[in-house]
Structure formats: C-alpha cells, structure tokens
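The block underneath contains the structure these notes are about, expressed in structure tokens.
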Amino acid sequence: MITLFSKKSFLFISLLIIGYTALAQKNFTGLTNPELSLNLKTETPWSFSFGTAQRDLVYKNEDFEFQDEFIELNHYTSYQVGFNSKVSAGVRYRFIKDKKNETRFIEQYAYSKKYNRIKIAHRLRLAQRLRDHTTYRTRYRFSIEFPLSGTKTNTREFFMVTSTEAVWEMGKDELPSLGQRFSIGLGYKLTPKTRLGLTTEYRYRNYTQSPYTQLFVVPSVKISL
C-alpha cells in the first residue's frame with residue numbers, strides 16, 4: 001500500500017528533478033507566478049470567477065536576478081452543461097512593465113469526472129491575445145487530482161494535482177508555434193471553501209523553431225463562495 005509519506009516523497013523528488021532538469025538547460029528562465037482567485041457559485045447553472053496574478057522573473061542567463069514582469073486581472077463567466085461539463089468565456093488584462101498592456105479574450109470547454117478517489121479533467125481553451133498584433137492560441141490540458149490520504153480531500157488535508165498541456169499558437173506575420181507544459185503540485189484544503197496550492201510548471205516552448213524552456217513556481221489561493 002502506498003503511504004502518505006511515500007506520496008509526499010514522490011512529489012518532492014519530482015519537483016527536484018523538474019527543477020534540476022530546467023536549470024541544466026540553456027535558453028532557460030525561472031519565474032514565480034502567485035495567483036488569487038474568487039469563485040462565485042449560484043443556484044443556477046451560471047457561475048463567476050475573478051482573479052489576479054503577478055509574474056516575476058527570478059532566473060535568466062544562467063544567473064539569479066529579480067524583475068517584475070506584469071500584474072494581471074481576469075474574469076470568467078461559466079455555464080454548467082450537464083453534470084460534468086461547463087463552457088466559459090473570459091477576459092484577461094495584463095499591466096506589463098515597460099511594454100504595451102495586453103488584453104486577452106478566452107473561450108473554453110471543461111469536462112471533469114471523479115473515478116473513486118481520482119478526479120480526471122479535460123480542458124480545451126481558445127484565446128486571442130491583443131497586443132501590437134493579434135496572436136491566436138489553442139490549448140488542451142489533461143489533469144489528474146487525488147487526495148494523499150483517504151478517498152476524498154477533507155478539510156485540513158493535502159491533495160496532489162498533475163497535468164500536461166499542449167499549446168499551439170499562430171498569428172499574422174508569425175510562424176505557427178508548438179509547445180508543451182508539464183506540472184505537478186501539492187494542494188491543501190484549508191477550509192471547506194478555501195484551497196491553497198504550490199505548483200511547479202515546466203514549459204518547453206516553440207520546439208518546432210527556436211526552443212526555449214521556462215520553470216514556473218505558482219503559489220495559489222482559491223476561495224469559493
């Protein structure tokens with residue numbers, strides 16, 4: 001039987017491997033991306049989400065350095081479709097340091113279902129990034145979430161989330177670009193309505209042309225009302 005200690009050890013070792021692999025590569029940057037989100041549920045199929053995030057550069061050109069990149073505000077309106085699916089539309093606005101701010105429109109379909117103690121989720125997302133030019137992006141993510149003890153995540157208990165996501169983007173006067181993201185994270189259910197998370201995400205970007213890699217450390221707070 002897999003114990004709680006062995007699961008936490010696996011998570012810790014996985015994070016070390018991801019971090020070491022990323023640092024050993026050239027064309028690599030390390031960033032932090034704290035997130036805060038507030039989810040509002042209603043007695044109807046409609047729900048709403050508001051959030052903010054801040055991204056900071058901490059490692060570049062084989063040396064540690066600190067540079068704030070942007071602060072982000074976002075909103076999603078979602079509609080429940082059946083028991084396991086929902087469609088959403090959102091807008092994201094980034095206040096970017098020393099560059100023109102960016103507006104992004106997002107449409108997505110999400111499906112999730114629990115199988116015993118494991119929750120499996122799929123997400124297909126389309127986005128239009130409005131900058132000096134418009135970039136069109138398509139993303140598909142597959143994720144797995146499960147408690148580290150018991151059959152469900154109770155208050156004051158840990159859970160684990162891992163995912164992989166394929167990203168394709170293109171735009172006028174730019175060649176199509178493909179990338180892949182891998183993440184692993186530890187979550188903690190602080191209260192029935194508050195979840196804390198710490199995720200490490202490794203991004204292998206533009207591997208069809210000029211590949212480069214990024215490692216994100218993402219602390220998060222999610223509140224549901």
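Starting from 1 in every chain, residues are counted up; chains themselves are A, B, ... following the order of the structure tokens, and ligands are numbered from 1 as listed.
For A:Leu38, the list of residues within 12 Å, based on only C-alpha atoms and with local chain neighbours fewer than 4 positions off taken out, reads Ser47, Phe48, Ser49, Phe50, Gly51, Thr52, Leu73, Asn74, His75, Tyr76, Lys193, Thr194, Arg195, Ser220, Val221, Lys222, Ile223, Ser224 and Leu225 of chain A.
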Next item on the list: Within stretch 29-161 of chain A, find each residue whose DSSP state, derived from the backbone, is strand (DSSP E), and express the selection as a PyMOL selection string.
Entry: chain A and resi 29-32+35-41+46-60+63-81+85-96+102-115+118-130+134-147+157-161
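Taking only C-alpha atoms into account, A:Leu178 lies nearest to A:Glu165 out of the set A:Glu165, A:Asp132, A:Glu107, A:Glu35.
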Item checked: Close residues, A:Tyr115 itself excluded, 12 Å, only C-alpha atoms, min 3 positions apart in chain, as a list in words -> Ser112, Ile118, Lys119, Ile120, Ala121, Ile144, Glu145, Phe146, Thr151 and Lys152 of chain A
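The residue that comes closest to A:Gly197, out of A:Gly150, A:Pro211, A:Pro176, A:Pro219 and on the basis of only C-alpha atoms, is A:Pro219.
Picture a line from atom CA of A:Arg137 to atom CA of A:Glu201; it runs 18.7 Å.
With only C-alpha atoms as the basis for measurement, A:Met170 is the residue among A:Ile106, A:Met160, A:Ile184, A:Met170 that approaches A:Thr135 most closely.
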Check: What's the 9 Å shell around A:Lys60, counting only C-alpha atoms, without same-chain residues fewer than 6 positions away, as a VMD selection string?
Finding: chain A and resid 27 to 30
Notebook entry, point to check: Which residue gives the smallest distance to A:Glu174 among A:His133, A:Arg125, A:Arg94, A:Arg156, with only C-alpha atoms counted?
Noted result: A:His133
Notebook entry, point to check: Which residues come within 9 Å of A:Lys86, counting only C-alpha atoms, excluding same-chain residues fewer than 5 positions away, as a PyMOL selection string?
Noted result: chain A and resi 45+78-81+108-111
Check: Of the candidates A:Thr103, A:Leu190, A:Trp46, A:Asp63, which one gets nearest to A:Val87 if we count only C-alpha atoms?
Finding: A:Trp46
Next item on the list: Select from stretch 2-224 of chain A everything DSSP, run on the backbone, classes as helix (DSSP H, G or I), then give the selection as number ranges by chain.
Entry: A: 4-23
Check: Using only C-alpha atoms, which of A:Thr199, A:Gln214, A:Ser183, A:Asn101 sits nearest A:Phe142?
Finding: A:Ser183
